[in-house]
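Participant: File follows, protein.cif with mmCIF, C-alpha atoms:
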data_run
#
loop_
_atom_site.label_atom_id
_atom_site.label_comp_id
_atom_site.auth_asym_id
_atom_site.auth_seq_id
_atom_site.Cartn_x
_atom_site.Cartn_y
_atom_site.Cartn_z
CA MET E 575 132.66 121.63 95.77
CA ILE E 576 131.07 119.56 98.55
CA LEU E 577 127.88 121.27 99.59
CA PRO E 578 126.06 120.44 102.81
CA GLU E 579 123.24 117.99 102.05
CA PRO E 580 120.41 120.41 103.01
CA SER E 581 121.69 122.95 100.44
CA LEU E 582 122.00 120.25 97.81
CA ARG E 583 118.44 119.18 98.46
CA ARG E 584 117.15 122.75 98.10
CA LEU E 585 118.87 123.46 94.77
CA PRO E 586 116.51 121.16 92.81
CA TRP E 587 113.55 123.13 94.24
CA TYR E 588 115.05 126.35 92.90
CA LEU E 589 115.77 124.63 89.58
CA ALA E 590 112.17 123.35 89.30
CA HIS E 591 110.91 126.88 89.90
CA VAL E 592 113.23 128.67 87.48
CA LYS E 593 112.56 126.05 84.79
CA LEU E 594 108.86 126.89 85.09
CA LEU E 595 109.73 130.58 84.74
CA MET E 596 111.78 129.81 81.64
CA GLU E 597 108.86 127.92 80.09
CA ASN E 598 106.76 131.00 80.76
CA SER E 599 109.37 133.23 79.06
CA VAL E 600 110.32 135.08 82.24
CA GLU E 601 113.78 136.60 81.78
CA PHE E 602 114.96 137.56 85.27
CA VAL E 603 114.33 136.34 88.79
CA SER E 604 115.48 137.61 92.18
CA SER E 605 116.45 135.42 95.10
CA THR E 606 113.51 136.96 96.98
CA GLN E 607 111.13 135.68 94.30
CA ILE E 608 112.69 132.22 94.37
CA ALA E 609 112.44 132.28 98.16
CA ALA E 610 108.74 133.11 98.04
CA ALA E 611 108.01 130.43 95.45
CA THR E 612 109.90 127.70 97.22
CA ASN E 613 109.00 128.62 100.79
CA VAL E 614 112.64 128.98 101.82
CA ASP E 615 114.09 131.91 103.75
CA ALA E 616 115.38 134.59 101.32
CA SER E 617 118.80 134.86 102.94
CA GLN E 618 119.14 131.08 102.72
CA VAL E 619 118.37 131.17 98.97
CA ALA E 620 120.94 133.91 98.45
CA LYS E 621 123.50 131.94 100.45
CA ASP E 622 122.83 128.71 98.53
CA LEU E 623 123.07 130.48 95.16
CA SER E 624 126.25 132.29 96.20
CA MET E 625 128.01 128.91 96.06
CA LEU E 626 127.33 128.70 92.33
CA GLU E 627 129.31 130.43 89.61
CA ILE E 628 126.64 132.96 88.81
CA SER E 629 125.84 136.40 90.10
CA GLY E 630 122.63 138.38 89.95
CA LYS E 631 122.35 141.92 88.68
CA THR E 632 121.27 144.70 91.03
CA ARG E 633 117.52 145.23 90.93
CA VAL E 634 116.76 142.65 88.17
CA GLY E 635 118.30 139.57 89.73
CA TYR E 636 119.50 136.43 87.95
CA GLU E 637 119.06 135.74 84.27
CA VAL E 638 116.63 132.80 84.24
CA ALA E 639 118.15 130.85 81.34
CA SER E 640 121.67 131.12 82.78
CA LEU E 641 120.49 130.12 86.24
CA VAL E 642 118.81 126.99 84.82
CA GLU E 643 122.01 126.08 83.01
CA VAL E 644 124.29 126.71 86.00
CA LEU E 645 122.01 124.79 88.37
CA GLU E 646 121.61 121.79 86.05
CA ASP E 647 125.32 121.72 85.47
CA PHE E 648 126.20 122.07 89.14
CA LEU E 649 123.73 119.35 90.15
CA GLY E 650 125.27 116.95 87.64
CA PHE E 651 122.05 116.66 85.62
CA THR E 652 123.79 117.53 82.34
CA LYS E 653 126.41 114.78 82.66
CA CYS E 654 125.70 111.19 81.68
CA HIS E 655 126.16 108.82 84.65
CA LYS E 656 125.88 105.20 83.53
CA ALA E 657 123.92 103.04 85.94
CA CYS E 658 122.49 99.57 86.45
CA ILE E 659 119.71 98.11 88.58
CA PHE E 660 119.97 94.97 90.71
CA GLY E 661 116.49 93.53 91.23
CA VAL E 662 114.01 94.00 88.40
CA GLY E 663 110.91 93.47 90.52
CA SER E 664 108.04 95.88 90.81
CA LEU E 665 110.06 98.91 91.95
CA GLY E 666 113.18 98.10 89.89
CA GLY E 667 111.10 97.58 86.75
CA ALA E 668 109.31 100.84 87.46
CA LEU E 669 112.57 102.78 87.65
CA MET E 670 113.62 101.27 84.33
CA HIS E 671 110.38 102.62 82.86
CA ASP E 672 111.01 106.11 84.27
CA SER E 673 112.52 108.01 81.36
CA GLY E 674 112.67 111.08 83.62
CA LEU E 675 115.86 109.79 85.22
CA GLU E 676 117.84 110.17 82.00
CA GLN E 677 116.88 113.84 81.78
CA TYR E 678 118.47 114.23 85.20
CA GLY E 679 121.76 112.63 84.21
CA LEU E 680 121.15 109.00 85.14
CA LYS E 681 121.40 106.64 82.17
CA LEU E 682 120.29 103.09 82.94
CA VAL E 683 122.21 100.71 80.71
CA ALA E 684 121.42 97.32 82.28
CA GLY E 685 119.12 95.51 84.68
CA PHE E 686 120.19 92.44 86.65
CA ASP E 687 118.08 89.75 88.25
CA VAL E 688 118.12 85.99 88.83
CA ARG E 689 114.61 85.06 87.75
CA SER E 690 114.68 83.07 84.53
CA ASP E 691 111.31 84.49 83.41
CA ILE E 692 112.73 88.00 83.04
CA VAL E 693 116.46 87.53 82.34
CA GLY E 694 117.04 88.14 78.62
CA LYS E 695 114.06 90.46 78.28
CA GLU E 696 114.08 94.23 77.90
CA ILE E 697 112.25 97.07 79.63
CA ASN E 698 112.15 100.43 77.89
CA GLY E 699 114.99 99.26 75.63
CA ILE E 700 117.21 98.28 78.59
CA LYS E 701 118.29 94.65 78.67
CA ILE E 702 117.97 92.43 81.75
CA TYR E 703 120.89 90.12 82.48
CA ASN E 704 121.58 87.43 85.03
CA ILE E 705 123.48 88.80 88.03
CA SER E 706 126.26 86.31 87.21
CA GLU E 707 126.92 88.31 84.02
CA PHE E 708 127.55 91.56 85.94
CA GLU E 709 131.36 91.43 85.84
CA GLU E 710 131.40 90.93 82.07
CA ILE E 711 128.87 93.70 81.37
CA GLN E 712 130.65 96.03 83.77
CA LYS E 713 133.95 95.60 81.90
CA LYS E 714 132.21 96.76 78.75
CA GLU E 715 129.95 99.47 80.14
CA GLN E 716 132.00 100.92 83.04
CA MET E 717 128.88 101.85 85.01
CA VAL E 718 129.43 104.22 87.93
CA ILE E 719 126.12 103.96 89.78
CA GLY E 720 124.35 100.83 91.05
CA ILE E 721 120.70 100.88 92.10
CA ILE E 722 119.56 98.24 94.59
CA THR E 723 115.92 97.17 94.53
CA VAL E 724 116.35 93.52 95.54
CA PRO E 725 114.66 91.86 98.55
CA VAL E 726 116.17 92.90 101.89
CA ASP E 727 118.12 89.67 102.39
CA LYS E 728 119.98 90.16 99.10
CA ALA E 729 120.85 93.84 99.58
CA GLN E 730 124.32 93.40 101.13
CA GLU E 731 125.34 90.74 98.61
CA SER E 732 124.25 93.00 95.74
CA ALA E 733 126.27 95.89 97.14
CA ASP E 734 129.35 93.68 97.49
CA ILE E 735 129.11 92.52 93.86
CA MET E 736 128.71 96.10 92.66
CA VAL E 737 131.65 97.41 94.67
CA SER E 738 133.94 94.60 93.55
CA GLY E 739 133.09 95.58 89.97
CA GLY E 740 134.13 99.18 90.59
CA ILE E 741 130.75 100.86 91.08
CA GLY E 742 131.41 104.22 92.77
CA ALA E 743 127.97 105.07 94.13
CA ILE E 744 125.09 102.94 95.34
CA TRP E 745 121.49 104.11 95.37
CA ASN E 746 119.82 101.85 97.91
CA PHE E 747 116.02 101.61 97.79
CA THR E 748 115.79 98.74 100.28
CA PRO E 749 115.16 99.33 103.99
CA TYR E 750 118.42 97.47 104.71
CA LYS E 751 121.42 99.47 105.86
CA ILE E 752 124.20 98.16 103.60
CA LYS E 753 127.84 98.33 104.67
CA VAL E 754 130.50 99.28 102.13
CA ASP E 755 133.93 100.83 102.10
CA GLU E 756 133.96 104.53 102.97
CA SER E 757 135.17 105.39 99.48
CA VAL E 758 131.80 104.28 98.04
CA VAL E 759 129.00 106.85 98.03
CA VAL E 760 125.72 105.49 99.40
CA GLN E 761 122.40 107.23 98.91
CA GLU E 762 119.51 105.73 100.86
CA THR E 763 116.02 106.20 99.48
CA SER E 764 113.85 103.92 101.53
CA LEU E 765 110.28 104.61 100.49
CA TYR E 766 109.10 102.61 103.49
CA ALA E 767 111.07 104.76 105.93
CA HIS E 768 109.42 107.82 104.38
CA LEU E 769 106.05 106.10 104.79
CA ALA E 770 106.82 105.46 108.47
CA VAL E 771 107.63 109.13 109.06
CA MET E 772 104.43 110.18 107.28
CA PHE E 773 102.22 107.72 109.18
CA ASN E 774 103.69 108.81 112.50
CA ARG E 775 103.09 112.50 111.82
CA LEU E 776 99.59 111.78 110.51
CA ASN E 777 98.58 109.73 113.52
CA GLU E 778 99.66 112.50 115.88
CA LYS E 779 97.21 114.95 114.30
CA MET M 855 104.31 109.55 120.31
CA ILE M 856 106.16 111.94 117.99
CA LEU M 857 109.61 110.57 117.43
CA PRO M 858 112.44 112.64 115.98
CA GLU M 859 112.72 111.95 112.25
CA PRO M 860 116.20 110.36 112.45
CA SER M 861 114.90 107.77 114.95
CA LEU M 862 111.86 107.11 112.78
CA ARG M 863 114.11 106.53 109.80
CA ARG M 864 116.29 104.08 111.71
CA LEU M 865 113.41 101.91 112.98
CA PRO M 866 112.70 100.42 109.51
CA TRP M 867 116.37 99.33 109.35
CA TYR M 868 115.96 97.48 112.65
CA LEU M 869 112.69 96.01 111.41
CA ALA M 870 114.27 94.80 108.16
CA HIS M 871 117.02 93.10 110.16
CA VAL M 872 114.79 91.41 112.75
CA LYS M 873 112.39 90.23 110.04
CA LEU M 874 115.35 88.47 108.40
CA LEU M 875 116.21 86.89 111.77
CA MET M 876 112.59 85.75 112.15
CA GLU M 877 112.70 84.13 108.69
CA ASN M 878 115.83 82.32 109.83
CA SER M 879 114.05 81.14 113.03
CA VAL M 880 116.23 83.17 115.37
CA GLU M 881 114.36 83.64 118.67
CA PHE M 882 116.19 86.42 120.51
CA VAL M 883 118.25 89.44 119.52
CA SER M 884 120.17 91.99 121.56
CA SER M 885 120.42 95.69 120.79
CA THR M 886 124.16 95.14 120.33
CA GLN M 887 123.48 92.60 117.57
CA ILE M 888 121.00 94.92 115.88
CA ALA M 889 123.55 97.72 116.15
CA ALA M 890 126.24 95.62 114.47
CA ALA M 891 123.91 94.51 111.67
CA THR M 892 122.59 97.99 110.92
CA ASN M 893 125.82 99.92 111.45
CA VAL M 894 124.25 102.15 114.11
CA ASP M 895 125.78 102.94 117.48
CA ALA M 896 124.62 100.39 120.11
CA SER M 897 123.53 103.00 122.63
CA GLN M 898 121.52 104.71 119.89
CA VAL M 899 119.71 101.45 119.08
CA ALA M 900 118.92 100.89 122.76
CA LYS M 901 117.64 104.46 123.05
CA ASP M 902 115.48 104.18 119.91
CA LEU M 903 113.98 100.87 121.08
CA SER M 904 113.36 102.23 124.58
CA MET M 905 110.66 104.43 123.05
CA LEU M 906 108.69 101.35 122.05
CA GLU M 907 106.48 99.32 124.35
CA ILE M 908 108.80 96.37 124.57
CA SER M 909 111.63 95.45 126.88
CA GLY M 910 114.48 93.03 126.39
CA LYS M 911 115.42 90.33 128.85
CA THR M 912 118.81 90.42 130.56
CA ARG M 913 121.41 88.47 128.61
CA VAL M 914 119.05 87.14 125.86
CA GLY M 915 117.68 90.46 124.58
CA TYR M 916 114.43 91.02 122.72
CA GLU M 917 112.11 88.28 121.54
CA VAL M 918 112.38 88.53 117.74
CA ALA M 919 108.73 87.82 116.89
CA SER M 920 107.46 90.36 119.44
CA LEU M 921 109.94 92.97 118.28
CA VAL M 922 108.78 92.58 114.66
CA GLU M 923 105.17 92.96 115.77
CA VAL M 924 105.83 96.00 117.97
CA LEU M 925 107.94 97.72 115.31
CA GLU M 926 105.44 97.10 112.49
CA ASP M 927 102.63 98.32 114.68
CA PHE M 928 104.51 101.40 115.88
CA LEU M 929 105.55 102.34 112.35
CA GLY M 930 101.95 102.14 111.17
CA PHE M 931 102.66 99.30 108.73
CA THR M 932 99.86 97.12 110.14
CA LYS M 933 97.16 99.77 109.67
CA CYS M 934 95.46 100.36 106.33
CA HIS M 935 95.98 103.94 105.10
CA LYS M 936 93.87 104.61 102.01
CA ALA M 937 95.71 106.60 99.37
CA CYS M 938 95.43 107.98 95.84
CA ILE M 939 97.93 109.08 93.21
CA PHE M 940 97.72 112.29 91.18
CA GLY M 941 99.67 111.84 87.96
CA VAL M 942 99.72 108.36 86.45
CA GLY M 943 102.83 108.89 84.32
CA SER M 944 105.91 106.76 84.42
CA LEU M 945 106.64 107.13 88.17
CA GLY M 946 102.98 107.26 89.26
CA GLY M 947 102.14 104.17 87.23
CA ALA M 948 105.16 102.45 88.70
CA LEU M 949 104.03 103.12 92.26
CA MET M 950 100.60 101.69 91.38
CA HIS M 951 102.38 98.52 90.25
CA ASP M 952 104.38 98.29 93.49
CA SER M 953 102.40 95.82 95.59
CA GLY M 954 105.05 96.20 98.30
CA LEU M 955 103.45 99.44 99.47
CA GLU M 956 100.31 97.64 100.66
CA GLN M 957 102.39 95.36 102.89
CA TYR M 958 103.66 98.54 104.54
CA GLY M 959 100.20 99.92 105.25
CA LEU M 960 99.60 102.04 102.16
CA LYS M 961 96.56 100.94 100.18
CA LEU M 962 96.21 102.69 96.83
CA VAL M 963 92.53 102.90 95.94
CA ALA M 964 92.55 105.32 93.00
CA GLY M 965 94.74 107.01 90.42
CA PHE M 966 93.94 110.41 88.93
CA ASP M 967 95.13 111.98 85.69
CA VAL M 968 93.83 114.16 82.90
CA ARG M 969 95.04 112.25 79.85
CA SER M 970 92.10 110.70 78.01
CA ASP M 971 94.19 107.71 76.88
CA ILE M 972 94.59 106.42 80.44
CA VAL M 973 91.53 107.72 82.33
CA GLY M 974 89.10 104.82 82.74
CA LYS M 975 91.83 102.18 82.64
CA GLU M 976 93.23 100.16 85.54
CA ILE M 977 96.73 99.40 86.76
CA ASN M 978 97.17 96.46 89.12
CA GLY M 979 93.42 96.48 89.76
CA ILE M 980 93.40 100.19 90.70
CA LYS M 981 91.15 102.38 88.60
CA ILE M 982 92.32 105.65 87.00
CA TYR M 983 89.86 108.56 87.13
CA ASN M 984 89.84 112.07 85.74
CA ILE M 985 91.08 114.58 88.33
CA SER M 986 87.68 116.30 88.05
CA GLU M 987 86.15 113.20 89.66
CA PHE M 988 88.33 113.46 92.77
CA GLU M 989 85.75 115.10 95.04
CA GLU M 990 83.16 112.44 94.26
CA ILE M 991 85.58 109.51 94.76
CA GLN M 992 86.94 111.06 97.93
CA LYS M 993 83.42 111.25 99.46
CA LYS M 994 83.10 107.52 98.93
CA GLU M 995 86.65 106.39 99.74
CA GLN M 996 87.74 108.86 102.45
CA MET M 997 91.39 108.60 101.43
CA VAL M 998 93.89 110.01 103.94
CA ILE M 999 97.06 110.12 101.86
CA GLY M 1000 97.65 111.77 98.48
CA ILE M 1001 100.68 110.98 96.35
CA ILE M 1002 101.83 113.62 93.88
CA THR M 1003 103.69 112.48 90.76
CA VAL M 1004 102.45 115.14 88.32
CA PRO M 1005 104.70 117.48 86.30
CA VAL M 1006 106.23 120.25 88.43
CA ASP M 1007 103.87 122.97 87.19
CA LYS M 1008 100.83 120.99 88.36
CA ALA M 1009 102.17 120.07 91.82
CA GLN M 1010 100.70 122.99 93.80
CA GLU M 1011 97.31 122.70 92.11
CA SER M 1012 97.20 118.97 92.87
CA ALA M 1013 98.04 119.60 96.52
CA ASP M 1014 95.28 122.22 96.77
CA ILE M 1015 92.68 119.84 95.34
CA MET M 1016 93.77 117.09 97.72
CA VAL M 1017 93.68 119.33 100.79
CA SER M 1018 90.27 120.75 99.92
CA GLY M 1019 89.02 117.15 99.76
CA GLY M 1020 90.30 116.43 103.26
CA ILE M 1021 93.53 114.58 102.50
CA GLY M 1022 95.63 114.64 105.70
CA ALA M 1023 99.05 113.80 104.34
CA ILE M 1024 100.76 114.46 101.02
CA TRP M 1025 103.62 112.35 99.69
CA ASN M 1026 105.30 114.64 97.18
CA PHE M 1027 107.60 113.01 94.61
CA THR M 1028 108.04 116.16 92.52
CA PRO M 1029 111.01 118.49 92.98
CA TYR M 1030 108.54 121.31 93.65
CA LYS M 1031 108.19 122.60 97.20
CA ILE M 1032 104.42 122.65 97.67
CA LYS M 1033 102.79 124.99 100.19
CA VAL M 1034 99.90 123.75 102.31
CA ASP M 1035 98.33 124.51 105.67
CA GLU M 1036 100.48 123.49 108.63
CA SER M 1037 97.89 120.92 109.68
CA VAL M 1038 98.70 118.86 106.56
CA VAL M 1039 101.61 116.44 106.78
CA VAL M 1040 104.00 116.70 103.84
CA GLN M 1041 106.61 114.08 103.05
CA GLU M 1042 109.06 115.01 100.30
CA THR M 1043 110.65 112.19 98.33
CA SER M 1044 112.34 113.86 95.42
CA LEU M 1045 114.30 111.18 93.61
CA TYR M 1046 116.07 113.90 91.63
CA ALA M 1047 117.24 115.67 94.79
CA HIS M 1048 118.69 112.35 95.96
CA LEU M 1049 120.38 111.99 92.58
CA ALA M 1050 121.89 115.46 92.96
CA VAL M 1051 123.33 114.59 96.36
CA MET M 1052 124.75 111.33 94.99
CA PHE M 1053 126.31 112.97 91.90
CA ASN M 1054 127.90 115.69 94.02
CA ARG M 1055 129.46 113.20 96.45
CA LEU M 1056 130.60 111.00 93.55
CA ASN M 1057 132.23 113.84 91.66
CA GLU M 1058 134.21 114.86 94.73
CA LYS M 1059 135.89 111.43 94.93
#
Will you turn the file into structure tokens for me?

Facilitator:
Amino acid sequence: MILPEPSLRRLPWYLAHVKLLMENSVEFVSSTQIAAATNVDASQVAKDLSMLEISGKTRVGYEVASLVEVLEDFLGFTKCHKACIFGVGSLGGALMHDSGLEQYGLKLVAGFDVRSDIVGKEINGIKIYNISEFEEIQKKEQMVIGIITVPVDKAQESADIMVSGGIGAIWNFTPYKIKVDESVVVQETSLYAHLAVMFNRLNEK
Amino acid sequence: MILPEPSLRRLPWYLAHVKLLMENSVEFVSSTQIAAATNVDASQVAKDLSMLEISGKTRVGYEVASLVEVLEDFLGFTKCHKACIFGVGSLGGALMHDSGLEQYGLKLVAGFDVRSDIVGKEINGIKIYNISEFEEIQKKEQMVIGIITVPVDKAQESADIMVSGGIGAIWNFTPYKIKVDESVVVQETSLYAHLAVMFNRLNEK
């Protein structure tokens, strides 16, 4: 089911909250409680959760353990999505170090770069290849997600190489708006754009 | 000037493009060219740029060097915003390694954690303190931005400590929706929420 992006972005908040409850051995939770904890309108929480295959019980609410399972499953965090990174610089290398991603369903299987001082090395057990080896590795690994952390002037080229190798979704961390065929999913996470929004709001205070 | 968030998020795309032009010694650029390069509607680009203190010349467009300067200045990238990180784990440590942030106006001056094996150490020349030392360091450094990369169950507590020390803006990388006074700017960058959106779109294909 295609959910509107705002709903999809709220579900991980609910999940974070109910996972905390589970760790604290809480058995049931109501949408009103989730709403209070996540600062979202209660009717919105109920509406978001109604799109999942779970229903709460009158008066007690949702079973916490089941809700965690349904949310993780729905969000795709329990599947293994194979991914690679183009650009093993400071941010790319950092993402390879972040073991948290695997717990959320993203399994990095390869890094790609052009710098001879890092090609052939490993970070966190993940090997770094030359970008020219992408096609060969992709045939073997069948990666579905490509992460772009290259310099801005290499972003489009990286995307093109990924798409020609059959990558289905691109996670773009550069502030460059890449252009790809509509059939390819693009997720923009420009840290610098977020910084700009934050600075602007801060300077208005 | 408070710009709508979508405009603020587009400006870094324009900036990335005109910086590339500057590196390639291009002198002038029109809003139509920027529109084509960034895949944004031309009238939207013109409207976004009209909010800046710069005007293009008939037929030749904007002077590239001036446009870079005006955009960087407007976005706050030329100012120095002092910042700290709460939670020097895998993602927090990674952000401390990312020297790119300083070029965009974010100067990390301290990391905070509670783990005795990392408190007292440095990453990229930035010292890591115990969270209990925050008040003291904050008196000296007067940091304005606090980055949260702690585990979910410590996110609210971290935000509270930051706000009580006078932090004006919080950059929250956890999937927990923190609650703070309205006067505090909060920027959410949950990588896992972005993952969820990407997985959902991918699985619908």

Participant: When you look at Leu875 (chain M) with a cut-off of 10 Å (counting all atoms listed in the file), what residues show up, excluding the ones that are within fewer than 4 positions of it in the same chain? I need them as a count of residues only.

Facilitator: 12

Participant: Check the smallest atom-to-atom distance from each of M:Ile1021, M:Ile985, M:Ala891, M:Ile939 to Gly965 (chain M) using all atoms listed in the file, then report the winner.

Facilitator: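 Comparing M:Ile1021, M:Ile985, M:Ala891, M:Ile939 against Gly965 (chain M), the winner is M:Ile939.
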
Participant: Take the PyMOL selection byres ((chain E and resi 644-646) around 8), apply it to the structure above, and return the hits as a PyMOL selection string.

Facilitator: chain E and resi 585-586+589+626-628+640-643+647-652

Participant: Find the nearest atom pair between each residue of chain M and chain E for residues within 7 Å, count all atoms listed in the file, give distances in Å to one decimal, sort rows by chain and ascending number, and present the table as JSON lines.

Facilitator:
{"residue": "M:Ile856", "atom": "CA", "partner": "E:Asn774", "partner_atom": "CA", "distance": 6.8}
{"residue": "M:Glu859", "atom": "CA", "partner": "E:Val771", "partner_atom": "CA", "distance": 6.6}
{"residue": "M:Leu862", "atom": "CA", "partner": "E:Val771", "partner_atom": "CA", "distance": 6.0}
{"residue": "M:Arg863", "atom": "CA", "partner": "E:Ala767", "partner_atom": "CA", "distance": 5.2}
{"residue": "M:Pro866", "atom": "CA", "partner": "E:Ala767", "partner_atom": "CA", "distance": 5.9}
{"residue": "M:Trp867", "atom": "CA", "partner": "E:Tyr750", "partner_atom": "CA", "distance": 5.4}
{"residue": "M:Ala870", "atom": "CA", "partner": "E:Tyr750", "partner_atom": "CA", "distance": 6.0}
{"residue": "M:Leu874", "atom": "CA", "partner": "E:Asp727", "partner_atom": "CA", "distance": 6.7}
{"residue": "M:Thr892", "atom": "CA", "partner": "E:Lys751", "partner_atom": "CA", "distance": 5.4}
{"residue": "M:Leu929", "atom": "CA", "partner": "E:Ala770", "partner_atom": "CA", "distance": 5.1}
{"residue": "M:Gly930", "atom": "CA", "partner": "E:Phe773", "partner_atom": "CA", "distance": 5.9}
{"residue": "M:Ser944", "atom": "CA", "partner": "E:Asp672", "partner_atom": "CA", "distance": 5.1}
{"residue": "M:Leu945", "atom": "CA", "partner": "E:Asp672", "partner_atom": "CA", "distance": 5.9}
{"residue": "M:Ala948", "atom": "CA", "partner": "E:Ala668", "partner_atom": "CA", "distance": 4.6}
{"residue": "M:His951", "atom": "CA", "partner": "E:Ser664", "partner_atom": "CA", "distance": 6.3}
{"residue": "M:Asp952", "atom": "CA", "partner": "E:Ser664", "partner_atom": "CA", "distance": 5.1}
{"residue": "M:Tyr958", "atom": "CA", "partner": "E:Tyr766", "partner_atom": "CA", "distance": 6.9}
{"residue": "M:Val1006", "atom": "CA", "partner": "E:Ala590", "partner_atom": "CA", "distance": 6.8}
{"residue": "M:Asp1007", "atom": "CA", "partner": "E:Leu594", "partner_atom": "CA", "distance": 6.7}
{"residue": "M:Gly1022", "atom": "CA", "partner": "E:Leu776", "partner_atom": "CA", "distance": 6.9}
{"residue": "M:Ala1023", "atom": "CA", "partner": "E:Leu776", "partner_atom": "CA", "distance": 6.5}
{"residue": "M:Pro1029", "atom": "CA", "partner": "E:Trp587", "partner_atom": "CA", "distance": 5.4}
{"residue": "M:Tyr1030", "atom": "CA", "partner": "E:Trp587", "partner_atom": "CA", "distance": 5.4}
{"residue": "M:Lys1031", "atom": "CA", "partner": "E:Thr612", "partner_atom": "CA", "distance": 5.4}
{"residue": "M:Val1039", "atom": "CA", "partner": "E:Leu776", "partner_atom": "CA", "distance": 6.3}
{"residue": "M:Gln1041", "atom": "CA", "partner": "E:Met772", "partner_atom": "CA", "distance": 6.2}
{"residue": "M:Tyr1046", "atom": "CA", "partner": "E:Tyr678", "partner_atom": "CA", "distance": 6.9}
{"residue": "M:Ala1047", "atom": "CA", "partner": "E:Arg583", "partner_atom": "CA", "distance": 5.2}
{"residue": "M:His1048", "atom": "CA", "partner": "E:Gln761", "partner_atom": "CA", "distance": 7.0}
{"residue": "M:Ala1050", "atom": "CA", "partner": "E:Leu649", "partner_atom": "CA", "distance": 5.1}
{"residue": "M:Val1051", "atom": "CA", "partner": "E:Leu582", "partner_atom": "CA", "distance": 6.0}
{"residue": "M:Met1052", "atom": "CA", "partner": "E:Gln761", "partner_atom": "CA", "distance": 6.1}
{"residue": "M:Phe1053", "atom": "CA", "partner": "E:Gly650", "partner_atom": "CA", "distance": 5.9}
{"residue": "M:Asn1054", "atom": "CA", "partner": "E:Ile576", "partner_atom": "CA", "distance": 6.7}
{"residue": "M:Arg1055", "atom": "CA", "partner": "E:Val759", "partner_atom": "CA", "distance": 6.6}
{"residue": "M:Leu1056", "atom": "CA", "partner": "E:Val759", "partner_atom": "CA", "distance": 6.3}
{"residue": "M:Glu1058", "atom": "CA", "partner": "E:Ile576", "partner_atom": "CA", "distance": 6.8}

Participant: Env of Thr886 (chain M): 10 Å cut, atoms = all atoms listed in the file, seq-sep filter 2 positions within chain, self excluded. Answer as a PDB file with C-alpha atoms, in the frame of the given file.

Facilitator:
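Writing the result to result00.pdb gives the following:
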ATOM      1  CA  VAL M 883     118.250  89.440 119.520  1.00  0.00           C
ATOM      2  CA  SER M 884     120.170  91.990 121.560  1.00  0.00           C
ATOM      3  CA  ILE M 888     121.000  94.920 115.880  1.00  0.00           C
ATOM      4  CA  ALA M 889     123.550  97.720 116.150  1.00  0.00           C
ATOM      5  CA  ALA M 890     126.240  95.620 114.470  1.00  0.00           C
ATOM      6  CA  ALA M 891     123.910  94.510 111.670  1.00  0.00           C
ATOM      7  CA  THR M 892     122.590  97.990 110.920  1.00  0.00           C
ATOM      8  CA  VAL M 894     124.250 102.150 114.110  1.00  0.00           C
ATOM      9  CA  ASP M 895     125.780 102.940 117.480  1.00  0.00           C
ATOM     10  CA  ALA M 896     124.620 100.390 120.110  1.00  0.00           C
ATOM     11  CA  SER M 897     123.530 103.000 122.630  1.00  0.00           C
ATOM     12  CA  GLN M 898     121.520 104.710 119.890  1.00  0.00           C
ATOM     13  CA  VAL M 899     119.710 101.450 119.080  1.00  0.00           C
ATOM     14  CA  ALA M 900     118.920 100.890 122.760  1.00  0.00           C
ATOM     15  CA  GLY M 915     117.680  90.460 124.580  1.00  0.00           C
TER      16      GLY M 915
END

Participant: Quick one: distance from CA of Gly739 (chain E) to CA of Tyr703 (chain E) in Å, one decimal?

Facilitator: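 Straight-line distance from CA of Gly739 (chain E) to CA of Tyr703 (chain E) works out to 15.3 Å.
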